>>> print(open('final01.txt').read())   # compact mmCIF, C-alpha atoms
# COMPACT_ATOMS: atom_id res chain seq x y z
CA MET Q 49 63.39 75.94 144.52
CA THR Q 50 66.90 74.51 144.29
CA THR Q 51 68.75 74.72 141.00
CA PRO Q 52 72.29 73.86 139.92
CA SER Q 53 74.75 76.63 140.55
CA PRO Q 54 75.90 78.50 137.44
CA PRO Q 55 79.46 78.24 136.17
CA THR Q 56 81.86 80.37 138.13
CA THR Q 57 84.57 82.60 136.81
CA GLU Q 58 87.01 79.84 137.67
CA ASP Q 59 85.46 77.76 134.89
CA SER Q 60 87.62 79.38 132.29
CA PRO Q 61 90.53 78.36 130.11
CA ARG Q 62 92.83 80.59 132.14
CA SER Q 63 92.11 78.72 135.37
CA GLY Q 64 92.29 75.33 133.70
CA THR Q 65 88.73 74.33 134.72
CA THR Q 66 86.75 74.72 131.50
CA ALA Q 67 83.57 72.77 130.89
CA LEU Q 68 84.01 69.22 129.65
CA ARG Q 69 83.71 68.55 125.91
CA LYS Q 70 80.46 67.01 124.62
CA THR Q 71 81.62 64.09 122.49
CA LEU Q 72 79.55 61.04 123.53
CA THR Q 73 76.85 59.79 121.16
CA THR Q 74 74.11 57.29 122.06
CA PRO Q 75 76.02 54.25 120.68
CA LEU Q 76 79.22 55.21 122.51
CA LEU Q 77 77.30 55.76 125.74
CA TYR Q 78 75.49 52.44 125.26
CA PHE Q 79 78.79 50.58 124.93
CA PHE Q 80 80.22 52.56 127.86
CA ILE Q 81 77.43 51.34 130.15
CA LEU Q 82 77.34 47.82 128.70
CA GLY Q 83 81.08 47.46 129.06
CA ASP Q 84 80.96 48.62 132.66
CA VAL Q 85 78.13 46.23 133.58
CA LEU Q 86 79.58 43.25 131.68
CA GLY Q 87 82.70 43.22 133.80
CA ALA Q 88 84.71 40.48 135.41
CA GLY Q 89 82.02 39.66 137.98
CA VAL Q 90 79.92 37.38 135.80
CA TYR Q 91 82.93 35.19 135.09
CA VAL Q 92 83.23 34.24 138.77
CA LEU Q 93 79.83 34.91 140.38
CA VAL Q 94 77.73 32.21 138.72
CA GLY Q 95 79.22 29.56 140.98
CA GLN Q 96 78.65 31.63 144.13
CA ILE Q 97 75.04 32.29 143.10
CA ALA Q 98 74.54 28.55 142.65
CA ALA Q 99 75.96 27.94 146.13
CA GLU Q 100 73.36 30.31 147.61
CA SER Q 101 70.25 29.72 145.50
CA GLY Q 102 70.64 26.22 144.05
CA GLY Q 103 70.33 25.16 140.43
CA ALA Q 104 67.96 27.95 139.34
CA VAL Q 105 70.84 30.38 138.81
CA TRP Q 106 68.89 32.32 136.21
CA LEU Q 107 66.22 33.48 138.69
CA PRO Q 108 68.46 35.62 140.97
CA LEU Q 109 70.02 37.10 137.83
CA LEU Q 110 66.58 38.04 136.50
CA LEU Q 111 65.47 39.51 139.85
CA ALA Q 112 68.70 41.50 140.10
CA LEU Q 113 68.04 42.95 136.64
CA LEU Q 114 64.53 44.08 137.66
CA LEU Q 115 65.82 45.69 140.86
CA SER Q 116 68.61 47.41 138.94
CA LEU Q 117 66.11 48.86 136.47
CA LEU Q 118 64.24 50.54 139.35
CA THR Q 119 67.29 52.48 140.48
CA ALA Q 120 68.36 53.04 136.87
CA ALA Q 121 65.09 54.88 136.24
CA SER Q 122 65.91 57.25 139.10
CA TYR Q 123 69.34 57.87 137.65
CA ALA Q 124 67.81 58.51 134.21
CA GLU Q 125 65.51 61.19 135.63
CA LEU Q 126 68.23 62.95 137.60
CA ALA Q 127 70.92 62.67 134.91
CA THR Q 128 68.67 64.26 132.28
CA LYS Q 129 67.41 66.83 134.76
CA TYR Q 130 70.92 67.80 135.92
CA PRO Q 131 73.37 66.67 133.21
CA ARG Q 132 76.69 67.44 134.87
CA ALA Q 133 79.59 65.51 136.35
CA GLY Q 134 79.22 64.65 140.02
CA GLY Q 135 76.36 62.19 139.72
CA ALA Q 136 74.92 60.95 143.00
CA SER Q 137 76.90 63.53 144.96
CA HIS Q 138 75.35 66.38 143.00
CA TYR Q 139 71.82 64.94 143.28
CA ALA Q 140 72.09 64.39 147.05
CA THR Q 141 73.47 67.92 147.49
CA LEU Q 142 70.48 69.40 145.68
CA ALA Q 143 68.01 67.28 147.66
CA TYR Q 144 69.54 67.18 151.15
CA GLY Q 145 72.37 69.69 151.32
CA PRO Q 146 76.15 69.56 151.04
CA PHE Q 147 76.79 67.19 153.96
CA THR Q 148 74.64 64.37 152.52
CA GLY Q 149 75.96 65.22 149.07
CA PHE Q 150 79.48 64.76 150.32
CA LEU Q 151 78.58 61.44 151.95
CA ALA Q 152 76.96 60.12 148.75
CA GLY Q 153 79.90 61.22 146.67
CA TYR Q 154 82.36 59.84 149.18
CA CYS Q 155 80.68 56.42 149.15
CA MET Q 156 80.68 56.39 145.34
CA LEU Q 157 84.26 57.59 145.16
CA ALA Q 158 85.43 55.08 147.79
CA ALA Q 159 83.63 52.25 146.00
CA GLY Q 160 85.15 53.25 142.66
CA ILE Q 161 88.70 53.56 143.96
CA VAL Q 162 88.43 50.27 145.84
CA SER Q 163 87.00 48.59 142.75
CA VAL Q 164 89.88 49.73 140.54
CA ALA Q 165 92.36 48.55 143.18
CA ALA Q 166 90.68 45.15 143.34
CA LEU Q 167 90.66 44.87 139.56
CA ALA Q 168 94.34 45.80 139.40
CA ARG Q 169 95.13 42.92 141.75
CA GLY Q 170 92.75 40.70 139.82
CA PHE Q 171 94.55 41.52 136.59
CA ALA Q 172 97.82 40.48 138.22
CA GLY Q 173 96.37 37.18 139.44
CA ASP Q 174 95.67 33.74 138.02
CA TYR Q 175 94.40 34.89 134.64
CA LEU Q 176 97.67 36.65 133.87
CA THR Q 177 99.81 33.85 135.28
CA ALA Q 178 98.28 31.55 132.67
CA PHE Q 179 100.58 33.42 130.27
CA VAL Q 180 103.37 34.99 132.35
CA SER Q 181 104.35 35.26 136.01
CA LEU Q 182 105.24 38.79 137.22
CA PRO Q 183 105.30 40.55 140.62
CA VAL Q 184 101.88 41.85 141.63
CA VAL Q 185 103.25 45.31 142.51
CA LEU Q 186 104.86 45.72 139.08
CA VAL Q 187 101.77 44.55 137.20
CA ALA Q 188 99.45 46.78 139.26
CA ALA Q 189 101.67 49.83 138.74
CA VAL Q 190 101.98 49.38 134.96
CA PHE Q 191 98.33 48.44 134.63
CA LEU Q 192 97.06 51.52 136.48
CA CYS Q 193 99.46 53.88 134.71
CA CYS Q 194 98.30 52.66 131.31
CA LEU Q 195 94.67 53.10 132.27
CA ALA Q 196 95.34 56.61 133.62
CA LEU Q 197 97.07 57.66 130.40
CA LEU Q 198 94.19 56.38 128.28
CA ASN Q 199 91.72 58.13 130.59
CA ALA Q 200 93.65 61.41 130.34
CA ARG Q 201 93.89 61.18 126.56
CA GLY Q 202 90.16 61.73 126.23
CA ILE Q 203 86.69 60.39 126.93
CA SER Q 204 86.01 59.52 123.28
CA GLU Q 205 89.30 57.61 122.97
CA SER Q 206 88.56 55.73 126.19
CA THR Q 207 85.05 54.82 125.15
CA ARG Q 208 86.19 53.68 121.70
CA ALA Q 209 88.69 51.35 123.38
CA ASN Q 210 85.77 50.20 125.51
CA VAL Q 211 83.75 49.33 122.40
CA ALA Q 212 86.41 46.85 121.25
CA ALA Q 213 86.81 45.39 124.75
CA THR Q 214 83.05 45.07 125.18
CA VAL Q 215 82.79 43.12 121.93
CA VAL Q 216 85.39 40.68 123.29
CA GLU Q 217 83.57 40.38 126.65
CA VAL Q 218 80.16 39.81 125.06
CA GLY Q 219 81.70 37.42 122.54
CA GLY Q 220 83.15 35.33 125.34
CA LEU Q 221 79.82 35.14 127.14
CA LEU Q 222 77.95 34.28 123.94
CA LEU Q 223 80.55 31.57 123.31
CA VAL Q 224 79.70 30.10 126.71
CA VAL Q 225 76.00 30.20 125.81
CA GLY Q 226 76.68 28.50 122.49
CA LEU Q 227 78.81 25.80 124.08
CA GLY Q 228 76.13 25.18 126.71
CA VAL Q 229 73.42 24.81 124.07
CA TRP Q 230 75.63 22.46 122.07
CA LEU Q 231 76.34 20.39 125.17
CA PHE Q 232 72.62 20.15 125.91
CA LEU Q 233 71.66 19.26 122.34
CA ARG Q 234 74.03 16.33 122.35
CA GLY Q 235 72.23 15.01 125.42
CA ASP Q 236 74.68 15.86 128.22
CA GLY Q 237 72.69 18.57 130.01
CA ASP Q 238 70.06 18.39 132.76
CA THR Q 239 67.25 20.96 132.49
CA GLY Q 240 65.75 19.71 135.73
CA ARG Q 241 68.33 21.72 137.67
CA LEU Q 242 66.83 24.95 136.31
CA LEU Q 243 63.85 24.64 138.68
CA ARG Q 244 65.71 23.62 141.84
CA LEU Q 245 65.51 26.46 144.37
CA GLY Q 246 67.40 26.72 147.64
CA THR Q 247 70.08 24.52 149.17
CA ALA Q 248 70.34 22.12 152.08
CA ASP Q 249 71.13 25.07 154.37
CA THR Q 250 68.61 27.62 153.07
CA GLY Q 251 65.00 27.57 151.96
CA ALA Q 252 63.89 28.55 148.48
CA ALA Q 253 62.99 32.18 149.25
CA ALA Q 254 66.02 32.91 151.43
CA GLY Q 255 68.34 31.21 148.96
CA VAL Q 256 67.01 33.15 145.99
CA LEU Q 257 67.25 36.46 147.87
CA SER Q 258 70.83 35.76 148.96
CA GLY Q 259 71.67 34.81 145.40
CA THR Q 260 70.05 38.03 144.19
CA VAL Q 261 72.42 40.08 146.36
CA LEU Q 262 75.38 38.41 144.63
CA ALA Q 263 73.73 38.73 141.22
CA TYR Q 264 73.08 42.43 141.90
CA TYR Q 265 76.82 42.94 142.02
CA SER Q 266 76.97 41.76 138.40
CA PHE Q 267 74.81 44.73 137.35
CA VAL Q 268 76.75 47.33 139.32
CA GLY Q 269 78.39 49.76 136.94
CA PHE Q 270 75.39 51.43 135.32
CA GLU Q 271 75.53 54.20 137.93
CA THR Q 272 78.97 55.32 136.75
CA SER Q 273 77.56 56.62 133.49
CA VAL Q 274 75.86 59.65 135.09
CA ASN Q 275 79.30 61.14 135.59
CA VAL Q 276 79.76 61.46 131.83
CA ALA Q 277 76.27 62.86 131.16
CA GLU Q 278 77.88 66.30 130.88
CA GLU Q 279 80.01 64.94 128.03
CA THR Q 280 76.98 63.51 126.17
CA ARG Q 281 75.70 65.44 123.17
CA ASP Q 282 71.98 64.97 123.82
CA PRO Q 283 71.57 63.59 127.35
CA ARG Q 284 67.77 63.89 127.42
CA HIS Q 285 67.34 61.32 124.63
CA SER Q 286 70.68 59.53 124.61
CA TYR Q 287 71.05 58.72 128.28
CA PRO Q 288 67.78 56.82 128.98
CA ARG Q 289 68.07 54.88 125.71
CA ALA Q 290 71.67 53.89 126.34
CA LEU Q 291 71.08 53.09 130.02
CA PHE Q 292 68.01 50.87 129.70
CA GLY Q 293 69.28 49.30 126.49
CA ALA Q 294 72.59 48.35 128.05
CA LEU Q 295 70.99 46.94 131.23
CA VAL Q 296 68.47 44.85 129.31
CA THR Q 297 71.22 43.57 127.00
CA ALA Q 298 73.43 42.64 129.95
CA GLY Q 299 70.48 41.04 131.75
CA ALA Q 300 69.56 38.91 128.75
CA VAL Q 301 73.15 37.70 128.41
CA TYR Q 302 73.41 36.97 132.14
CA VAL Q 303 70.15 34.99 132.24
CA LEU Q 304 71.25 32.91 129.24
CA VAL Q 305 74.62 32.28 130.88
CA GLY Q 306 72.87 31.24 134.09
CA VAL Q 307 70.57 28.86 132.22
CA VAL Q 308 73.28 27.08 130.22
CA ALA Q 309 75.74 26.95 133.13
CA SER Q 310 73.16 25.36 135.41
CA ALA Q 311 71.93 22.91 132.76
CA ALA Q 312 75.42 21.98 131.60
CA VAL Q 313 77.26 21.61 134.91
CA PRO Q 314 76.12 19.99 138.19
CA THR Q 315 75.22 22.56 140.85
CA GLY Q 316 77.82 21.28 143.28
CA THR Q 317 80.56 21.58 140.67
CA LEU Q 318 79.50 25.15 139.88
CA ALA Q 319 79.41 26.07 143.56
CA ARG Q 320 82.93 24.76 144.20
CA SER Q 321 84.51 26.39 141.13
CA SER Q 322 86.28 29.77 141.13
CA GLY Q 323 85.96 29.77 137.33
CA PRO Q 324 82.44 28.42 136.76
CA LEU Q 325 82.21 29.37 133.09
CA LEU Q 326 85.39 27.43 132.48
CA GLU Q 327 83.52 24.36 133.74
CA VAL Q 328 81.06 24.81 130.86
CA VAL Q 329 83.98 25.01 128.43
CA ARG Q 330 85.52 21.86 129.87
CA GLU Q 331 82.23 19.98 129.70
CA ALA Q 332 81.66 21.02 126.09
CA GLY Q 333 85.27 20.67 124.92
CA GLY Q 334 86.81 22.12 121.78
CA VAL Q 335 87.89 25.52 123.20
CA PRO Q 336 91.35 26.10 124.74
CA PRO Q 337 91.13 27.13 128.44
CA LYS Q 338 93.65 29.93 127.81
CA LEU Q 339 91.09 31.61 125.58
CA PHE Q 340 88.95 32.36 128.62
CA SER Q 341 91.95 33.62 130.55
CA ALA Q 342 92.52 36.16 127.76
CA ILE Q 343 88.85 37.15 127.69
CA ALA Q 344 88.83 37.56 131.47
CA LEU Q 345 91.88 39.84 131.29
CA VAL Q 346 90.08 42.02 128.75
CA ALA Q 347 87.01 42.12 130.99
CA VAL Q 348 89.04 43.11 134.05
CA ALA Q 349 90.96 45.81 132.17
CA ASN Q 350 87.80 47.23 130.62
CA GLY Q 351 85.98 47.33 133.96
CA ALA Q 352 88.92 49.09 135.59
CA LEU Q 353 89.14 51.65 132.77
CA LEU Q 354 85.47 52.58 132.97
CA THR Q 355 85.45 52.66 136.77
CA GLY Q 356 88.55 54.85 136.65
CA ILE Q 357 86.74 57.24 134.32
CA MET Q 358 83.83 57.37 136.76
CA SER Q 359 86.05 57.98 139.78
CA SER Q 360 87.98 60.81 138.16
CA ARG Q 361 84.80 62.54 136.87
CA LEU Q 362 83.14 62.13 140.24
CA ALA Q 363 86.12 63.68 142.04
CA TYR Q 364 86.05 66.49 139.47
CA GLY Q 365 82.33 67.11 140.04
CA MET Q 366 82.62 67.01 143.83
CA ALA Q 367 85.52 69.45 143.73
CA ARG Q 368 83.52 71.78 141.49
CA ASP Q 369 80.69 71.66 144.05
CA GLY Q 370 83.18 72.63 146.78
CA LEU Q 371 83.12 69.19 148.46
CA LEU Q 372 86.74 68.34 147.63
CA PRO Q 373 89.85 70.50 147.10
CA ARG Q 374 89.51 72.87 144.15
CA PHE Q 375 92.78 71.56 142.73
CA LEU Q 376 90.91 68.48 141.51
CA THR Q 377 88.96 70.58 138.98
CA ARG Q 378 92.06 71.23 136.87
CA VAL Q 379 91.84 69.91 133.32
CA LEU Q 380 94.31 69.53 130.47
CA PRO Q 381 94.13 72.73 128.35
CA GLY Q 382 93.96 70.93 125.01
CA ARG Q 383 92.05 67.75 125.73
CA ARG Q 384 90.01 69.18 128.63
CA THR Q 385 90.16 65.97 130.65
CA PRO Q 386 90.40 66.19 134.48
CA TRP Q 387 94.07 65.26 134.85
CA ALA Q 388 94.33 66.17 138.55
CA SER Q 389 91.40 63.93 139.50
CA ILE Q 390 92.74 61.12 137.32
CA ALA Q 391 96.15 61.31 139.00
CA ALA Q 392 94.70 61.43 142.52
CA THR Q 393 92.28 58.53 142.11
CA THR Q 394 94.90 56.39 140.33
CA ALA Q 395 97.41 56.95 143.13
CA LEU Q 396 94.88 55.98 145.79
CA SER Q 397 93.91 52.84 143.86
CA PHE Q 398 97.56 51.82 143.62
CA LEU Q 399 98.07 52.31 147.36
CA LEU Q 400 94.97 50.24 148.12
CA ALA Q 401 96.11 47.53 145.71
CA LEU Q 402 99.19 47.10 147.90
CA THR Q 403 97.24 46.71 151.13
CA GLY Q 404 94.73 43.91 150.54
CA ASP Q 405 93.62 41.03 148.35
CA VAL Q 406 90.74 41.11 145.89
CA ALA Q 407 88.19 39.70 148.34
CA THR Q 408 89.09 42.22 151.06
CA LEU Q 409 88.99 45.18 148.69
CA ALA Q 410 85.66 44.18 147.15
CA SER Q 411 83.76 43.12 150.28
CA THR Q 412 82.26 46.54 151.11
CA LEU Q 413 81.51 47.61 147.54
CA VAL Q 414 77.89 46.49 147.35
CA LEU Q 415 77.00 47.95 150.76
CA LEU Q 416 78.51 51.33 149.87
CA LEU Q 417 76.55 51.44 146.64
CA LEU Q 418 73.30 50.45 148.34
CA VAL Q 419 73.69 53.55 150.53
CA VAL Q 420 74.21 55.65 147.41
CA PHE Q 421 71.29 54.07 145.56
CA PHE Q 422 68.95 54.69 148.49
CA LEU Q 423 69.90 58.38 148.52
CA VAL Q 424 69.45 58.65 144.74
CA ASN Q 425 66.01 57.02 144.77
CA THR Q 426 64.78 59.30 147.53
CA ALA Q 427 66.43 62.36 145.95
CA VAL Q 428 64.21 61.88 142.90
CA LEU Q 429 61.13 62.34 145.07
CA VAL Q 430 62.54 65.35 146.92
CA GLN Q 431 63.60 67.08 143.70
CA ARG Q 432 60.17 66.80 142.12
CA ARG Q 433 59.72 70.29 143.63
CA ASP Q 434 62.33 71.57 141.16
CA ARG Q 435 60.99 71.99 137.64
CA PRO Q 436 63.70 73.17 135.26
CA ALA Q 437 62.81 74.82 131.96
CA HIS Q 438 64.37 72.10 129.82
CA PRO Q 439 62.50 68.78 129.28
CA HIS Q 440 63.85 65.62 130.89
CA PHE Q 441 63.06 61.95 131.51
CA ARG Q 442 60.52 61.37 134.31
CA ALA Q 443 59.95 58.04 136.08
CA TYR Q 444 56.60 57.01 137.54
CA THR Q 445 56.50 57.98 141.22
CA GLY Q 446 56.22 54.38 142.38
CA VAL Q 447 59.48 53.45 140.67
CA PRO Q 448 61.90 55.40 142.93
CA VAL Q 449 59.83 54.32 145.96
CA LEU Q 450 60.30 50.67 145.01
CA GLY Q 451 63.95 51.37 144.23
CA ALA Q 452 64.55 52.68 147.75
CA VAL Q 453 62.72 49.71 149.28
CA SER Q 454 64.82 47.30 147.20
CA CYS Q 455 68.01 48.84 148.60
CA VAL Q 456 66.82 48.27 152.16
CA LEU Q 457 65.76 44.72 151.30
CA LEU Q 458 69.12 43.83 149.78
CA ALA Q 459 70.99 45.45 152.68
CA THR Q 460 69.26 43.07 155.09
CA ARG Q 461 70.94 40.18 153.29
CA VAL Q 462 74.47 41.63 153.62
CA GLU Q 463 76.62 39.70 156.10
CA ALA Q 464 77.46 41.19 159.49
CA GLU Q 465 81.19 41.14 158.75
CA VAL Q 466 80.65 43.26 155.65
CA TRP Q 467 78.47 45.66 157.63
CA THR Q 468 81.29 46.17 160.12
CA ARG Q 469 83.79 47.08 157.41
CA GLY Q 470 81.25 49.17 155.49
CA LEU Q 471 80.20 51.18 158.52
CA THR Q 472 83.86 51.91 159.26
CA VAL Q 473 84.32 53.36 155.77
CA ILE Q 474 81.08 55.34 156.07
CA ALA Q 475 82.15 56.68 159.48
CA VAL Q 476 85.30 58.10 157.90
CA GLY Q 477 83.09 59.81 155.33
CA VAL Q 478 80.91 61.30 158.06
CA VAL Q 479 83.96 62.76 159.78
CA LEU Q 480 85.34 64.17 156.53
CA GLY Q 481 81.92 65.60 155.67
CA ALA Q 482 81.69 67.30 159.06
CA VAL Q 483 85.14 68.83 158.56
CA ALA Q 484 84.14 70.07 155.10
CA ALA Q 485 80.93 71.58 156.50
CA LEU Q 486 82.85 73.34 159.27
CA HIS Q 487 85.31 74.72 156.73
CA ARG Q 488 82.48 76.10 154.57
CA ARG Q 489 80.82 77.66 157.62
CA ARG Q 490 84.02 79.42 158.63
CA ALA Q 491 84.65 80.59 155.07
CA SER Q 492 81.17 82.12 154.81
CA SER Q 493 81.32 83.87 158.19
>>> encode(input="final01.txt", output="structure tokens")
Amino acid sequence: MTTPSPPTTEDSPRSGTTALRKTLTTPLLYFFILGDVLGAGVYVLVGQIAAESGGAVWLPLLLALLLSLLTAASYAELATKYPRAGGASHYATLAYGPFTGFLAGYCMLAAGIVSVAALARGFAGDYLTAFVSLPVVLVAAVFLCCLALLNARGISESTRANVAATVVEVGGLLLVVGLGVWLFLRGDGDTGRLLRLGTADTGAAAGVLSGTVLAYYSFVGFETSVNVAEETRDPRHSYPRALFGALVTAGAVYVLVGVVASAAVPTGTLARSSGPLLEVVREAGGVPPKLFSAIALVAVANGALLTGIMSSRLAYGMARDGLLPRFLTRVLPGRRTPWASIAATTALSFLLALTGDVATLASTLVLLLLVVFFLVNTAVLVQRRDRPAHPHFRAYTGVPVLGAVSCVLLATRVEAEVWTRGLTVIAVGVVLGAVAALHRRRASS
């Protein structure tokens, strides 16, 4: 039977690696997950989903929600069974050993760092230039430094800032829904588009599945919350409630947005627009376009903050498991936040932000996470052999099986170009994992 390793003597105030403080309540965790899921993606992806699946934009969004809930159930079981930072890396280590654990953590960490870099560039892009024009390098540097300082100040402070930002994000999306309903009630909408599946180039089934891959990206973010389970007061009850509640809330908002956007705006117009929700605003009238630029900036900043929290906690957990340098386990003596991991992940995000545009940085994100999700779903089944003394959430056996199958299904719809880039990143992780395994073998001999 495999169980989590007990705290070492290095986990002491003298070494600077004390356990993380339990400060998160269910409402704070709910807003943490909701804010991470309701990121910048929905503001730009509706048009791309329409281009793939046709007018029935709501259907891929609904299917993506159902597929996300499958993997979320696996995370809920493992997070309540092993409530400690490290997340997927820790679960894969328990189930398959340190090499696979390193690979899972590496994919998560790479995805998180790349995501923050992409969001930093996104923050410096068109939404900001609606107000002021500044060099991208300067904006990215200041943006990432501010996020790192807030992250280092404390998890409760960061999540309280997230509550305010999430209210703004949700308010913006609900405003879009309201404007779409108003536009329809005055007779300008077309509900017939809601049942049009597929495009001229794809059939109905293929179009919906391709659209679901894009829609799935809108729900990415729920997996980051397992890395703060150790900082949750009552993870057994709080984590499943917050996780499923946040996903269902986000899904309901997304489906409503998809319905009103499709009914309010012609499919071709949605597909050609890089700001599809702005098309709804323009059709309805009465709301200044700059308002949505401001809301988008809040969404981007909030997504980057929460992803930065995930990345730093994941690096901390991997280092504590011996998969990354021990230096990354150092925490601030007073606030007990992982300052070394925060500094390292922020620096890497800044370097990546200088080397590519948003599309290049984000292109491998979904593929990397599908690898992680597959390992998590199968780890649930493997770890059923481990029965800890404390009670925890347990998913029906068929749920992780379907979750793993869904990852394979979605991966088949990923473009070949993305596979090439993703496999390159994964190959680097394999090499690093082999080096780490060799180092451990030499140290133990």
>>> residues_around(input="final01.txt", residues="Pro324 of chain Q", least_positions_apart="2", cutoff="8 Å", atoms="all atoms listed in the file", output="PyMOL selection string")
chain Q and resi 91-95+309+318-319+321-322+326-328
>>> atom_distance(input="final01.txt", atom1="atom CA of Thr468 of chain Q", atom2="atom CA of Thr119 of chain Q")
24.9 Å
>>> closest_residue(input="final01.txt", among="Q:Arg208, Q:Arg241, Q:Arg284, Q:Arg461", to="His438 of chain Q", atoms="all atoms listed in the file")
Q:Arg284
>>> atom_distance(input="final01.txt", atom1="atom CA of Leu450 of chain Q", atom2="atom CA of Val428 of chain Q")
12.1 Å
>>> residues_around(input="final01.txt", residues="segment 215-225 of chain Q", least_positions_apart="2", cutoff="7 Å", atoms="all atoms listed in the file", output="PyMOL selection string")
chain Q and resi 211-213+227-229+304-305+308+325+328-329+343+347
>>> atom_distance(input="final01.txt", atom1="atom CA of Arg201 of chain Q", atom2="atom CA of Arg374 of chain Q")
21.6 Å
>>> residues_near_point(input="final01.txt", point="(65.6, 53.5, 147.2)", cutoff="12 Å", atoms="all atoms listed in the file", output="PyMOL selection string")
chain Q and resi 115-123+417-429+445-459
>>> closest_residue(input="final01.txt", among="Q:Thr141, Q:Ser341, Q:Ser181, Q:Ser360", to="Gln431 of chain Q", atoms="all atoms listed in the file")
Q:Thr141
